[in-house]
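Structure file data.tsv (TSV, C-alpha atoms and all ligand atoms) follows.
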chain	number	residue	atom	x	y	z
A	1	MET	CA	-24.65	-7.57	22.27
A	2	LYS	CA	-27.99	-9.02	21.27
A	3	VAL	CA	-28.05	-9.33	17.48
A	4	LEU	CA	-31.25	-10.12	15.60
A	5	LEU	CA	-30.82	-11.92	12.28
A	6	THR	CA	-33.74	-12.13	9.90
A	7	GLY	CA	-33.39	-15.14	7.63
A	8	GLY	CA	-30.67	-16.55	9.88
A	9	SER	CA	-31.39	-20.14	8.86
A	10	GLY	CA	-30.03	-19.66	5.32
A	11	ASP	CA	-26.57	-19.88	3.78
A	12	LEU	CA	-25.26	-16.61	5.18
A	13	GLY	CA	-27.17	-16.88	8.46
A	14	VAL	CA	-25.67	-20.20	9.51
A	15	LEU	CA	-22.09	-18.97	8.98
A	16	LEU	CA	-22.82	-15.67	10.71
A	17	THR	CA	-24.55	-17.31	13.68
A	18	ARG	CA	-21.40	-19.31	14.43
A	19	GLN	CA	-19.12	-16.28	14.10
A	20	LEU	CA	-21.29	-14.05	16.28
A	21	THR	CA	-21.80	-16.63	19.02
A	22	GLN	CA	-18.06	-17.41	19.00
A	23	GLN	CA	-17.27	-13.78	19.77
A	24	GLY	CA	-19.82	-13.80	22.60
A	25	ASP	CA	-22.83	-12.12	21.03
A	26	GLU	CA	-26.33	-13.30	21.80
A	27	VAL	CA	-28.00	-14.25	18.52
A	28	VAL	CA	-31.73	-14.28	17.83
A	29	ASN	CA	-32.74	-15.77	14.49
A	30	LEU	CA	-36.16	-14.87	13.17
A	31	ASP	CA	-36.83	-17.19	10.26
A	32	VAL	CA	-39.79	-19.18	8.98
A	33	ALA	CA	-37.40	-22.13	8.51
A	34	PRO	CA	-35.72	-24.01	11.37
A	35	PRO	CA	-32.07	-23.19	12.04
A	36	HIS	CA	-29.36	-25.18	10.31
A	37	GLU	CA	-28.56	-28.26	12.40
A	38	ALA	CA	-24.87	-27.27	12.62
A	39	VAL	CA	-25.76	-24.29	14.81
A	40	ARG	CA	-28.94	-25.55	16.44
A	41	GLY	CA	-29.00	-24.37	20.04
A	42	GLU	CA	-26.43	-21.62	19.42
A	43	ALA	CA	-29.09	-19.00	18.76
A	44	VAL	CA	-32.62	-18.38	19.94
A	45	HIS	CA	-34.90	-19.27	17.04
A	46	ILE	CA	-38.13	-17.37	16.55
A	47	ALA	CA	-40.22	-19.31	14.03
A	48	ALA	CA	-41.92	-16.34	12.42
A	49	SER	CA	-42.10	-14.27	9.27
A	50	ILE	CA	-40.94	-10.70	8.77
A	51	LEU	CA	-44.49	-10.18	7.51
A	52	ASP	CA	-45.75	-10.82	11.05
A	53	ARG	CA	-45.60	-7.37	12.65
A	54	ASP	CA	-46.47	-8.59	16.14
A	55	ALA	CA	-43.71	-11.19	16.09
A	56	LEU	CA	-41.23	-8.55	14.91
A	57	LYS	CA	-42.32	-6.17	17.63
A	58	GLU	CA	-41.43	-8.77	20.24
A	59	ALA	CA	-38.26	-9.94	18.50
A	60	VAL	CA	-36.63	-6.49	18.45
A	61	GLN	CA	-36.94	-5.93	22.21
A	62	GLY	CA	-33.51	-5.41	23.78
A	63	VAL	CA	-31.71	-5.84	20.42
A	64	GLY	CA	-28.49	-3.88	19.89
A	65	CYS	CA	-28.13	-4.52	16.17
A	66	VAL	CA	-30.28	-6.00	13.43
A	67	VAL	CA	-28.85	-7.86	10.44
A	68	HIS	CA	-31.52	-8.04	7.77
A	69	ILE	CA	-30.91	-11.03	5.51
A	70	ALA	CA	-34.35	-12.51	4.70
A	71	ALA	CA	-35.32	-11.93	1.07
A	72	TRP	CA	-36.12	-13.68	-2.17
A	73	HIS	CA	-33.05	-13.19	-4.28
A	74	GLY	CA	-31.51	-13.55	-7.72
A	75	ILE	CA	-31.90	-17.32	-7.91
A	76	HIS	CA	-35.67	-17.03	-7.30
A	77	GLU	CA	-35.98	-14.59	-10.19
A	78	HIS	CA	-33.64	-16.62	-12.37
A	79	GLN	CA	-35.52	-19.89	-11.71
A	80	ASN	CA	-38.86	-18.08	-11.95
A	81	THR	CA	-40.07	-19.56	-8.66
A	82	LYS	CA	-41.31	-16.26	-7.17
A	83	ASN	CA	-43.49	-13.64	-8.84
A	84	ALA	CA	-43.66	-9.86	-8.51
A	85	TYR	CA	-46.09	-10.04	-5.57
A	86	ASP	CA	-43.82	-12.47	-3.72
A	87	PHE	CA	-40.82	-10.20	-4.26
A	88	HIS	CA	-42.67	-7.09	-3.17
A	89	ASP	CA	-44.25	-8.73	-0.11
A	90	LEU	CA	-41.12	-10.26	1.36
A	91	ASN	CA	-38.42	-7.86	0.18
A	92	VAL	CA	-40.22	-4.53	0.34
A	93	THR	CA	-43.04	-4.89	2.89
A	94	GLY	CA	-40.92	-7.23	5.03
A	95	THR	CA	-38.02	-4.77	5.09
A	96	PHE	CA	-40.34	-1.89	5.96
A	97	ASN	CA	-41.86	-3.97	8.80
A	98	LEU	CA	-38.44	-4.70	10.19
A	99	PHE	CA	-37.12	-1.13	10.06
A	100	GLU	CA	-40.33	0.21	11.55
A	101	ALA	CA	-40.35	-2.31	14.41
A	102	ALA	CA	-36.64	-1.72	15.08
A	103	ALA	CA	-36.98	2.08	15.09
A	104	ALA	CA	-40.03	1.95	17.37
A	105	ALA	CA	-38.13	-0.23	19.85
A	106	GLY	CA	-35.15	2.13	19.86
A	107	VAL	CA	-32.75	-0.15	17.95
A	108	ARG	CA	-30.12	2.19	16.56
A	109	LYS	CA	-27.81	-0.12	14.62
A	110	ALA	CA	-28.56	-2.18	11.52
A	111	VAL	CA	-26.81	-3.97	8.68
A	112	LEU	CA	-28.86	-4.34	5.52
A	113	ILE	CA	-27.84	-7.12	3.14
A	114	SER	CA	-28.50	-5.60	-0.26
A	115	SER	CA	-26.99	-6.83	-3.53
A	116	THR	CA	-25.01	-5.74	-6.57
A	117	SER	CA	-28.23	-6.65	-8.42
A	118	THR	CA	-29.24	-3.03	-7.74
A	119	ASP	CA	-27.43	-2.55	-11.10
A	120	ASP	CA	-30.52	-4.17	-12.60
A	121	ARG	CA	-32.46	-1.22	-11.28
A	122	TYR	CA	-35.81	-2.06	-12.80
A	123	GLY	CA	-35.51	-5.84	-12.64
A	124	LEU	CA	-37.88	-7.78	-10.40
A	125	TYR	CA	-35.29	-8.46	-7.72
A	126	GLY	CA	-32.94	-5.52	-8.33
A	127	HIS	CA	-35.73	-3.02	-7.90
A	128	THR	CA	-36.71	-4.42	-4.49
A	129	LYS	CA	-33.12	-3.94	-3.33
A	130	VAL	CA	-33.06	-0.37	-4.69
A	131	LEU	CA	-36.17	0.29	-2.59
A	132	ASN	CA	-34.57	-1.40	0.45
A	133	GLU	CA	-31.52	0.87	0.19
A	134	GLU	CA	-33.76	3.93	-0.05
A	135	MET	CA	-35.71	2.77	3.01
A	136	ALA	CA	-32.46	2.31	4.93
A	137	ARG	CA	-31.50	5.92	4.12
A	138	ALA	CA	-34.91	7.13	5.29
A	139	TYR	CA	-34.61	5.31	8.62
A	140	ALA	CA	-31.04	6.53	9.08
A	141	HIS	CA	-32.22	10.12	8.60
A	142	ARG	CA	-35.59	10.00	10.33
A	143	HIS	CA	-34.64	7.79	13.28
A	144	ASN	CA	-30.98	8.59	13.59
A	145	MET	CA	-30.05	4.95	13.00
A	146	ASP	CA	-26.50	3.90	12.15
A	147	ILE	CA	-26.90	1.61	9.17
A	148	LEU	CA	-24.40	-0.09	6.90
A	149	THR	CA	-25.70	-1.40	3.58
A	150	LEU	CA	-23.66	-4.27	2.18
A	151	ARG	CA	-23.89	-5.04	-1.53
A	152	PRO	CA	-22.38	-8.49	-2.03
A	153	ARG	CA	-22.04	-10.09	-5.44
A	154	ALA	CA	-23.72	-13.46	-5.88
A	155	PHE	CA	-22.45	-15.76	-3.11
A	156	ILE	CA	-24.50	-18.96	-3.04
A	157	PRO	CA	-21.87	-21.33	-1.58
A	158	PRO	CA	-20.35	-24.34	-3.35
A	159	TRP	CA	-21.92	-26.78	-0.88
A	160	ASN	CA	-25.48	-25.64	-1.70
A	161	ARG	CA	-26.65	-28.70	-3.64
A	162	THR	CA	-30.14	-27.33	-4.26
A	163	VAL	CA	-28.54	-24.76	-6.58
A	164	TYR	CA	-25.22	-26.23	-7.78
A	165	GLN	CA	-25.24	-29.89	-8.70
A	166	ASP	CA	-21.50	-30.16	-8.12
A	167	PHE	CA	-18.37	-28.11	-7.42
A	168	THR	CA	-17.56	-27.81	-11.13
A	169	GLU	CA	-20.80	-25.97	-11.76
A	170	TRP	CA	-20.06	-23.57	-8.89
A	171	ALA	CA	-16.46	-23.15	-10.10
A	172	ASN	CA	-17.65	-22.20	-13.58
A	173	TRP	CA	-19.75	-19.49	-12.07
A	174	PHE	CA	-17.13	-18.25	-9.54
A	175	TRP	CA	-14.57	-18.13	-12.35
A	176	LYS	CA	-16.22	-15.08	-13.92
A	177	GLY	CA	-15.53	-12.98	-10.81
A	178	ALA	CA	-17.49	-13.42	-7.59
A	179	VAL	CA	-17.34	-13.55	-3.81
A	180	HIS	CA	-17.29	-16.57	-1.51
A	181	ALA	CA	-20.02	-16.90	1.15
A	182	GLU	CA	-17.37	-17.03	3.89
A	183	ASP	CA	-16.06	-13.65	2.76
A	184	VAL	CA	-19.59	-12.21	2.81
A	185	CYS	CA	-19.89	-13.56	6.36
A	186	GLN	CA	-16.59	-11.89	7.27
A	187	ALA	CA	-17.81	-8.57	5.83
A	188	THR	CA	-21.12	-8.80	7.71
A	189	LEU	CA	-19.34	-9.61	10.96
A	190	LYS	CA	-17.01	-6.65	10.47
A	191	ALA	CA	-19.98	-4.39	9.75
A	192	VAL	CA	-21.67	-5.52	13.00
A	193	ASN	CA	-18.45	-4.99	14.96
A	194	PHE	CA	-17.95	-1.54	13.42
A	195	LEU	CA	-21.40	-0.49	14.64
A	196	LYS	CA	-20.93	-2.26	17.96
A	197	ALA	CA	-17.85	-0.09	18.58
A	198	ASP	CA	-20.14	2.94	18.11
A	199	LYS	CA	-18.35	3.95	14.91
A	200	LYS	CA	-20.41	5.95	12.45
A	201	PRO	CA	-20.92	5.43	8.73
A	202	GLU	CA	-19.54	8.40	6.75
A	203	ILE	CA	-22.93	8.90	5.12
A	204	PRO	CA	-26.36	7.63	6.18
A	205	ALA	CA	-26.88	3.95	5.32
A	206	GLN	CA	-23.49	3.92	3.56
A	207	ILE	CA	-23.26	1.37	0.76
A	208	LEU	CA	-20.27	-1.00	0.66
A	209	THR	CA	-19.69	-3.32	-2.30
A	210	ILE	CA	-18.50	-6.76	-1.20
A	211	ASP	CA	-16.38	-8.52	-3.83
A	212	GLY	CA	-14.02	-11.50	-3.62
A	213	ALA	CA	-10.21	-11.61	-3.73
A	214	TYR	CA	-8.22	-11.57	-6.97
A	215	ASP	CA	-4.66	-12.71	-7.58
A	216	TYR	CA	-4.19	-10.69	-10.77
A	217	THR	CA	-2.50	-7.30	-10.64
A	218	VAL	CA	-4.23	-4.24	-12.10
A	219	GLY	CA	-1.68	-4.34	-14.94
A	220	GLU	CA	-2.44	-7.99	-15.72
A	221	LEU	CA	-6.15	-7.24	-15.90
A	222	GLU	CA	-5.64	-4.17	-18.06
A	223	ASN	CA	-3.40	-6.01	-20.51
A	224	TRP	CA	-5.37	-9.25	-20.51
A	225	THR	CA	-4.54	-11.89	-23.15
A	226	ASP	CA	-5.49	-15.54	-23.65
A	227	ASN	CA	-2.23	-16.40	-21.87
A	228	SER	CA	-2.77	-14.32	-18.75
A	229	PHE	CA	-4.09	-17.26	-16.75
A	230	ALA	CA	-1.11	-19.53	-17.52
A	231	ALA	CA	1.32	-16.66	-16.86
A	232	ARG	CA	-0.12	-16.16	-13.36
A	233	TYR	CA	-0.92	-19.71	-12.24
A	234	GLY	CA	1.29	-21.89	-14.45
A	235	ALA	CA	0.75	-24.55	-17.12
A	236	GLU	CA	-0.19	-27.32	-14.64
A	237	ALA	CA	-2.96	-25.18	-13.19
A	238	GLU	CA	-4.17	-24.39	-16.67
A	239	LYS	CA	-4.41	-28.10	-17.47
A	240	LEU	CA	-6.29	-28.75	-14.23
A	241	ALA	CA	-8.74	-25.88	-14.82
A	242	GLN	CA	-9.40	-26.94	-18.39
A	243	SER	CA	-9.99	-30.56	-17.32
A	244	PHE	CA	-12.93	-29.22	-15.28
A	245	GLY	CA	-14.24	-27.24	-18.26
A	246	LEU	CA	-13.12	-23.82	-17.05
A	247	ASP	CA	-12.43	-21.20	-19.71
A	248	THR	CA	-8.92	-20.05	-18.83
A	249	ALA	CA	-9.01	-17.33	-21.51
A	250	ARG	CA	-11.87	-15.65	-19.70
A	251	LYS	CA	-11.03	-12.41	-17.90
A	252	PRO	CA	-12.74	-12.19	-14.50
A	253	LYS	CA	-14.95	-9.18	-13.91
A	254	VAL	CA	-13.56	-7.38	-10.87
A	255	LEU	CA	-15.75	-4.95	-8.90
A	256	GLY	CA	-13.46	-4.46	-5.91
A	257	SER	CA	-14.32	-3.72	-2.29
A	258	ALA	CA	-12.15	-0.65	-1.65
A	259	GLU	CA	-14.67	1.26	0.44
A	260	ALA	CA	-15.42	-1.79	2.63
A	261	GLU	CA	-11.69	-2.35	3.10
A	262	THR	CA	-11.16	1.23	4.23
A	263	LEU	CA	-14.23	1.61	6.44
A	264	ILE	CA	-14.69	-1.76	8.14
A	265	GLY	CA	-11.38	-3.51	7.40
A	266	TYR	CA	-12.90	-6.13	5.09
A	267	ARG	CA	-10.17	-8.22	3.39
A	268	PRO	CA	-11.56	-10.88	1.06
A	269	ALA	CA	-9.65	-14.16	1.33
A	270	TYR	CA	-11.00	-16.54	-1.32
A	271	SER	CA	-9.62	-16.17	-4.85
A	272	LEU	CA	-9.09	-18.31	-7.97
A	273	LYS	CA	-5.94	-19.65	-6.30
A	274	ASN	CA	-8.09	-21.18	-3.53
A	275	LEU	CA	-10.54	-22.48	-6.10
A	276	LEU	CA	-7.73	-24.24	-7.99
A	277	GLU	CA	-6.43	-25.78	-4.75
A	278	GLU	CA	-9.91	-27.06	-3.88
A	279	LEU	CA	-10.44	-28.45	-7.38
A	280	GLU	CA	-7.18	-30.35	-7.08
A	281	LYS	CA	-7.97	-31.59	-3.57
A	282	TYR	CA	-11.68	-32.42	-3.78
A	283	GLY	CA	-12.44	-32.73	-7.50
A	284	LYS	CA	-16.02	-32.30	-8.60
A	285	ASN	CA	-17.46	-33.10	-5.14
A	286	GLY	CA	-15.90	-29.91	-3.81
A	287	PRO	CA	-15.26	-28.99	-0.19
A	288	GLN	CA	-17.72	-29.99	2.53
A	289	PHE	CA	-19.91	-27.54	4.35
A	290	PRO	CA	-17.33	-26.02	6.75
A	291	LEU	CA	-19.44	-26.30	9.91
A	292	ALA	CA	-20.24	-29.99	9.36
A	293	ALA	CA	-19.44	-32.15	12.39
B	301	LIG	N1	-27.08	-15.64	-2.15
B	301	LIG	C1	-26.63	-14.73	-3.00
B	301	LIG	O1	-26.01	-15.03	-4.02
B	301	LIG	C2	-26.87	-13.27	-2.70
B	301	LIG	C3	-26.14	-12.28	-3.39
B	301	LIG	C4	-26.32	-10.94	-3.05
B	301	LIG	C5	-27.21	-10.61	-2.05
B	301	LIG	N2	-27.92	-11.60	-1.42
B	301	LIG	C6	-28.84	-11.23	-0.36
B	301	LIG	O2	-28.51	-12.04	0.78
B	301	LIG	C7	-29.70	-12.41	1.46
B	301	LIG	C8	-29.96	-13.91	1.41
B	301	LIG	O3	-28.83	-14.59	1.73
B	301	LIG	P1	-28.71	-16.17	1.72
B	301	LIG	O4	-27.84	-16.52	0.58
B	301	LIG	O5	-28.33	-16.59	3.09
B	301	LIG	O6	-30.18	-16.66	1.37
B	301	LIG	P2	-30.94	-17.97	1.77
B	301	LIG	O7	-32.02	-18.11	0.75
B	301	LIG	O8	-30.00	-19.10	2.00
B	301	LIG	O9	-31.59	-17.56	3.17
B	301	LIG	C9	-32.70	-16.73	3.27
B	301	LIG	C10	-33.45	-17.08	4.54
B	301	LIG	O10	-34.60	-16.24	4.64
B	301	LIG	C11	-35.64	-17.02	5.19
B	301	LIG	N3	-36.95	-16.45	4.93
B	301	LIG	C12	-37.71	-16.57	3.81
B	301	LIG	N4	-38.89	-15.97	3.98
B	301	LIG	C13	-38.88	-15.45	5.23
B	301	LIG	C14	-39.83	-14.70	5.98
B	301	LIG	N5	-41.03	-14.39	5.48
B	301	LIG	N6	-39.49	-14.30	7.23
B	301	LIG	C15	-38.28	-14.65	7.77
B	301	LIG	N7	-37.36	-15.37	7.09
B	301	LIG	C16	-37.66	-15.75	5.84
B	301	LIG	C17	-35.47	-18.38	4.55
B	301	LIG	O11	-36.16	-19.39	5.27
B	301	LIG	C18	-33.96	-18.53	4.56
B	301	LIG	O12	-33.51	-19.21	5.71
B	301	LIG	C19	-30.84	-11.71	0.76
B	301	LIG	O13	-31.05	-10.46	1.34
B	301	LIG	C20	-30.30	-11.56	-0.64
B	301	LIG	O14	-30.93	-10.54	-1.34
B	301	LIG	C21	-27.76	-12.91	-1.72
Please express what this file holds, its structure, as structure tokens.
Amino acid sequence: MKVLLTGGSGDLGVLLTRQLTQQGDEVVNLDVAPPHEAVRGEAVHIAASILDRDALKEAVQGVGCVVHIAAWHGIHEHQNTKNAYDFHDLNVTGTFNLFEAAAAAGVRKAVLISSTSTDDRYGLYGHTKVLNEEMARAYAHRHNMDILTLRPRAFIPPWNRTVYQDFTEWANWFWKGAVHAEDVCQATLKAVNFLKADKKPEIPAQILTIDGAYDYTVGELENWTDNSFAARYGAEAEKLAQSFGLDTARKPKVLGSAEAETLIGYRPAYSLKNLLEELEKYGKNGPQFPLAA
């Protein structure tokens, strides 16, 4: 199937491009930035903006499914690098342009990458994602499109050195409860494959929360104490974690991904156990970008 990614040159897009091309899909990446060198040549790159309606009109021709990734996100609000106009233009107008072009061209399948930041309903970023989800519902109803809306937690990957100066910084953030970029890629791939198999969301533009994996049992989380970490992972692991400045008394905030597990078969793989193994193996440099040559 021909799959159009918007923003396919970014952190999620590069992982997804590889997965889609490996399973035989034809990938078109519409992004203002060039594709990541690791997947250069694997997808057709259209150097254009989702604000360019003519470019979108051409890009959606013959497309079976759209995956809409391009957006300013939490980090741009957090670092104050984009203002309200930037957020509205790219996230709201851009998303409208894409849905409209796709609907007009008869594209009937789409995956919208939303965010758990919709919790911050009236925040700069959160509000744009609330509007995106509403738009997705409108296009599902009005144009009979099958749309899955994924709400991942923050997933900037550990190898992104423009955001995390080292693995320890990423680990300190992941520690609180989060999802790994490779799991978000897995969820997106499963959402595309669900639609590709002509399966239907249970409700229009159904929303699926995408969380990471957790090693703790429900009982351990409910009866959390300062010793819960050592009880689960052992004293050696506790020493290791603390040597990297991790707060082992901290209880992770679990959101869960039950609906995504049931509907599309999403099974998150990366948990604190993996993080501890990588800390031990790679130290503060962390693992390399997985698609590096
Ligand atoms: N990264 C996270 O922590 C996180 C968490 C939850 C949801 N999300 C959502 O995931 C998506 C971003 O994922 P990512 O982490 O791969 O981001 P990213 O910033 O790595 O990639 C975004 C891509 O969009 C492209 N882009 C920017 N402006 C564009 C335009 N006008 N037209 C076309 N492309 C444009 C960029 O060049 C970039 O390649 C967004 O929808 C975001 O809201 C991200």
Using all atoms listed in the file: which of A:Ser271, A:Ser115, A:Gln23, A:Ser243 has the shortest distance to ligand LIG 301 (chain B):
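The answer is A:Ser115, which sits nearest to ligand LIG 301 (chain B).
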Given only C-alpha atoms as the basis, pick out the residue of A:Met135, A:Ile207, A:Val179, A:Val44 nearest to A:Leu150.
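Ranked by minimum distance to A:Leu150, first place goes to A:Ile207.
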What lies within 6 Å of stretch 85-99 of chain A using all atoms listed in the file, ignoring chain neighbours under 3 positions off, as a list in words?
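My list of contacting residues is Ile50, Leu51, Ala71, Lys82, Ala102, Ala103 and Thr128 of chain A.
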Shell of 7 Å around ligand LIG 301 (chain B) (only C-alpha atoms and all ligand atoms), written as a ChimeraX atom specification:
/A:6-13,30-33,48-51,68-74,90,113-116,151-156
For A:Arg142, which of A:Gly62, A:Pro34, A:Pro287, A:Pro204 is the closest residue, counting all atoms listed in the file?
A:Pro204
Quick one: of A:Glu169, A:Glu220, A:Glu58, A:Asp211, who's nearest to A:Val184, counting all atoms listed in the file?
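Under the stated criterion, the closest residue is A:Asp211.
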Write out as a list in words each polymer residue whose atoms come within 10 Å of A:Ala178, counting all atoms listed in the file; drop sequence neighbours fewer than 2 positions from it.
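What passes the distance filter is Pro152, Arg153, Ala154, Phe155, Trp173, Phe174, Trp175, Lys176, His180, Ala181, Ile210, Asp211, Gly212, Ala213, Tyr214, Pro252, Lys253, Val254, Leu255, Gly256, Tyr270, Ser271 and Leu272 of chain A.
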Please indicate the distance in Å from atom CA of A:Pro158 to atom CA of A:Asn285, rounded to one decimal place.
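Result for atom CA of A:Pro158 versus atom CA of A:Asn285: 9.4 Å, one decimal.
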Under the rule that only C-alpha atoms are counted, which of A:Asp215, A:Asp119, A:Glu222, A:Glu100 is the nearest residue to A:Asn274?
A:Asp215
Between atom CA of A:Gln22 and atom CA of A:Leu208, measure the distance and give it in Å to one decimal.
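Answer for the atom CA of A:Gln22 to atom CA of A:Leu208 separation: 24.7 Å.
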Option closest in space to A:Glu280, from A:Asn29, A:Phe167, A:Lys200, A:Val63 [counting only C-alpha atoms]:
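Nearest candidate to A:Glu280 out of A:Asn29, A:Phe167, A:Lys200, A:Val63: A:Phe167.
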Expected answer as a list of chain:residue names: all residues with atoms within 9 Å of (-20.9, -13.4, 9.3), only C-alpha atoms:
A:Leu12, A:Gly13, A:Val14, A:Leu15, A:Leu16, A:Thr17, A:Arg18, A:Gln19, A:Leu20, A:Ala181, A:Glu182, A:Asp183, A:Val184, A:Cys185, A:Gln186, A:Ala187, A:Thr188, A:Leu189, A:Lys190, A:Val192
Computed interatomic separation between atom CA of A:Gly24 and atom CA of A:Cys65 (Å):
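Pair atom CA of A:Gly24 / atom CA of A:Cys65 returns 14.0 Å.
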Give me the residues within 7 Å of A:Arg121 as an MDAnalysis selection string, counting all atoms listed in the file and dropping any in the same chain fewer than 4 places off.
chainID A and resid 126:127 130
Around the point (-30.6, -17.8, 18.7), in the coordinates given by the file, pick out the residues reaching within 6 Å, counting all atoms listed in the file, and return them as a list in words.
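The residues near that point, listed by chain and number, are Val27, Val28, Asn29, Glu42, Ala43, Val44 and His45 of chain A.
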Keeping C-alpha atoms, export the residues of the selection given above as a PDB file, in the frame of the given file.
ATOM      1  CA  VAL A  27     -28.000 -14.250  18.520  1.00  0.00           C
ATOM      2  CA  VAL A  28     -31.730 -14.280  17.830  1.00  0.00           C
ATOM      3  CA  ASN A  29     -32.740 -15.770  14.490  1.00  0.00           C
ATOM      4  CA  GLU A  42     -26.430 -21.620  19.420  1.00  0.00           C
ATOM      5  CA  ALA A  43     -29.090 -19.000  18.760  1.00  0.00           C
ATOM      6  CA  VAL A  44     -32.620 -18.380  19.940  1.00  0.00           C
ATOM      7  CA  HIS A  45     -34.900 -19.270  17.040  1.00  0.00           C
TER       8      HIS A  45
END
